[in-house]
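Data block below; observations after.
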Amino acid sequence: MAASGAEPQILVQYLVLRKDLSQAPFSWPAGAMVAQACHAATAALHIHRDHPHTAAYLRDLGRMRKVVLEAADESTLKELAETLQQSNIDHMLWLEQPENIATCIALRPYPKEEVNQYLKKYRLFK
């Protein structure tokens, strides 16, 4: 008997968070770092809420997947944002206010294979 349909596509929301903010001279506490990632993720989901991948991701809350990667510093994060922009990859570069500091990038949910080439050089955030 043939399968009734294809397996549902696995969608992942990737976040890239600045590692240097958790180190001297910044030394932001863990809670502040987590908040930056949450802000970026929420903003990306909201901005891209009408995209079919985002809608599918939000329909099954128990299966949401997020991967948090680290960028060395602000210039690395901004370079990634520029690459994503030029490649038409939907994302949100979160700027902490009022300082206007780039802290995190969140992509809308994507199939891993569609964005892996842009993120493979980044390690998991530690």
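Chain lettering (A, B, ...) mirrors the order of the structure tokens, residue numbering begins at 1 for each chain separately, and ligand numbering begins at 1 in order of display.
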
>> Let's see if you can do this: from backbone DSSP, list all alpha helix (DSSP H) residues in chain A, as a PyMOL selection string.
In response: chain A and resi 30-47+52-59+74-86+112-119

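Using only C-alpha atoms, the shortest contact distance between Leu84 in chain A and any of A:Gln13, A:Ser27, A:Gln36, A:Gln117 is found at A:Gln117.
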
> Hey, which of A:Leu17, A:Ala40, A:Val34, A:Ala71 ends up closest to Trp94 in chain A? Count only C-alpha atoms.
Replying inline: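 Using only C-alpha atoms, Trp94 in chain A sits closest to A:Ala40.
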
DSSP on the backbone: what in range 5-63 of chain A comes out strand (DSSP E or B), as a CSV table (one decimal) with C-alpha atoms, in the first residue's frame?
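Full text of out_3.csv as output:
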chain,number,residue,atom,x,y,z
A,11,LEU,CA,11.2,23.6,9.5
A,12,VAL,CA,13.9,25.2,11.7
A,13,GLN,CA,14.2,28.8,12.9
A,14,TYR,CA,17.9,29.7,13.1
A,15,LEU,CA,19.2,32.5,15.3
A,16,VAL,CA,22.7,33.9,15.3
A,17,LEU,CA,23.6,35.7,18.5
A,18,ARG,CA,26.7,37.8,19.2

> With distances taken over only C-alpha atoms, which of A:Pro52, A:Gln9, A:Glu96, A:Asn88 is nearest to Arg65 in chain A?
Replying inline: A:Gln9

>> Between A:Leu69, A:Cys104, A:Leu119, A:Ile89, which residue has the minimum interatomic distance to Met33 in chain A, considering only C-alpha atoms?
In response: A:Cys104

Near Glu82 in chain A, counting only C-alpha atoms, which residues have an atom at most 12 Å away, once you skip same-chain residues fewer than 4 positions from it, shown as a compact mmCIF listing (two decimals) with all heavy atoms, in the first residue's frame?
# COMPACT_ATOMS: atom_id res chain seq x y z
N SER A 75 30.50 43.12 13.70
CA SER A 75 30.80 43.17 12.26
C SER A 75 30.50 41.83 11.59
O SER A 75 29.97 41.81 10.47
CB SER A 75 32.25 43.59 12.01
OG SER A 75 33.16 42.64 12.53
N THR A 76 30.77 40.72 12.25
CA THR A 76 30.45 39.40 11.71
C THR A 76 28.94 39.25 11.55
O THR A 76 28.45 38.72 10.53
CB THR A 76 30.99 38.29 12.64
OG1 THR A 76 32.40 38.47 12.81
CG2 THR A 76 30.72 36.91 12.07
N LEU A 77 28.18 39.71 12.54
CA LEU A 77 26.72 39.63 12.48
C LEU A 77 26.18 40.47 11.33
O LEU A 77 25.32 40.02 10.56
CB LEU A 77 26.12 40.09 13.81
CG LEU A 77 24.65 39.76 14.02
CD1 LEU A 77 24.46 38.26 14.21
CD2 LEU A 77 24.11 40.51 15.22
N LYS A 78 26.70 41.68 11.18
CA LYS A 78 26.23 42.56 10.10
C LYS A 78 26.62 42.03 8.72
O LYS A 78 25.86 42.19 7.76
CB LYS A 78 26.76 43.98 10.32
CG LYS A 78 26.04 44.70 11.45
CD LYS A 78 26.53 46.12 11.60
CE LYS A 78 25.68 46.90 12.58
NZ LYS A 78 26.14 48.28 12.74
N GLN A 86 21.23 40.00 0.47
CA GLN A 86 21.58 39.86 -0.94
C GLN A 86 21.07 38.55 -1.54
O GLN A 86 20.81 38.47 -2.74
CB GLN A 86 23.10 39.94 -1.13
CG GLN A 86 23.66 41.32 -0.88
CD GLN A 86 25.18 41.35 -0.93
OE1 GLN A 86 25.84 40.33 -1.09
NE2 GLN A 86 25.74 42.54 -0.76
N SER A 87 20.90 37.54 -0.68
CA SER A 87 20.44 36.22 -1.13
C SER A 87 18.94 36.04 -0.97
O SER A 87 18.43 34.93 -1.17
CB SER A 87 21.19 35.14 -0.36
OG SER A 87 22.59 35.28 -0.54
N ASN A 88 18.24 37.11 -0.59
CA ASN A 88 16.79 37.07 -0.40
C ASN A 88 16.35 36.03 0.63
O ASN A 88 15.33 35.35 0.44
CB ASN A 88 16.06 36.86 -1.73
CG ASN A 88 16.26 38.03 -2.65
OD1 ASN A 88 16.13 39.18 -2.24
ND2 ASN A 88 16.59 37.75 -3.90
N ILE A 89 17.12 35.91 1.70
CA ILE A 89 16.76 35.04 2.82
C ILE A 89 16.05 35.90 3.86
O ILE A 89 16.63 36.86 4.37
CB ILE A 89 18.01 34.37 3.43
CG1 ILE A 89 18.75 33.53 2.38
CG2 ILE A 89 17.63 33.54 4.65
CD1 ILE A 89 17.96 32.37 1.82
N ASP A 90 14.80 35.57 4.16
CA ASP A 90 14.00 36.36 5.10
C ASP A 90 14.59 36.26 6.51
O ASP A 90 14.80 35.15 7.02
CB ASP A 90 12.56 35.87 5.13
CG ASP A 90 11.83 36.08 3.81
OD1 ASP A 90 12.21 37.00 3.06
OD2 ASP A 90 10.88 35.32 3.55
N HIS A 91 14.83 37.40 7.10
CA HIS A 91 15.43 37.44 8.44
C HIS A 91 15.13 38.76 9.11
O HIS A 91 14.62 39.70 8.48
CB HIS A 91 16.94 37.23 8.35
CG HIS A 91 17.66 38.37 7.71
ND1 HIS A 91 17.65 38.57 6.34
CD2 HIS A 91 18.36 39.40 8.23
CE1 HIS A 91 18.35 39.66 6.06
NE2 HIS A 91 18.78 40.19 7.19
N MET A 92 15.49 38.84 10.38
CA MET A 92 15.37 40.06 11.16
C MET A 92 16.69 40.28 11.88
O MET A 92 17.16 39.40 12.61
CB MET A 92 14.23 39.90 12.18
CG MET A 92 14.10 41.04 13.16
SD MET A 92 13.58 42.52 12.30
CE MET A 92 13.69 43.72 13.60
N LEU A 93 17.29 41.43 11.67
CA LEU A 93 18.48 41.83 12.43
C LEU A 93 17.98 42.65 13.60
O LEU A 93 17.44 43.75 13.41
CB LEU A 93 19.44 42.65 11.56
CG LEU A 93 20.65 43.26 12.28
CD1 LEU A 93 21.55 42.19 12.88
CD2 LEU A 93 21.44 44.16 11.32
N ILE A 105 20.48 37.90 14.85
CA ILE A 105 19.72 37.70 13.61
C ILE A 105 18.83 36.49 13.82
O ILE A 105 19.28 35.46 14.34
CB ILE A 105 20.65 37.43 12.42
CG1 ILE A 105 21.44 38.68 12.05
CG2 ILE A 105 19.85 36.91 11.21
CD1 ILE A 105 22.49 38.44 10.98
N TYR A 118 24.47 29.27 4.22
CA TYR A 118 24.77 30.57 4.80
C TYR A 118 25.20 30.48 6.27
O TYR A 118 25.80 31.41 6.79
CB TYR A 118 23.54 31.49 4.71
CG TYR A 118 23.01 31.60 3.31
CD1 TYR A 118 21.84 30.95 2.95
CD2 TYR A 118 23.70 32.33 2.34
CE1 TYR A 118 21.35 31.03 1.65
CE2 TYR A 118 23.22 32.39 1.04
CZ TYR A 118 22.05 31.75 0.70
OH TYR A 118 21.57 31.81 -0.59

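Restricting the calculation to only C-alpha atoms, the smallest distance between Asn100 in chain A and any of A:Glu74, A:Leu45, A:Met64, A:Leu80 is found for A:Glu74.
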
> Pick from A:Ala55, A:Ala102, A:Leu107, A:Val115: nearest to Leu21 in chain A, with only C-alpha atoms counted?
Replying inline: A:Ala102

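Here CA of Ile10 in chain A stands at a distance of 28.1 Å from CA of Ala72 in chain A.
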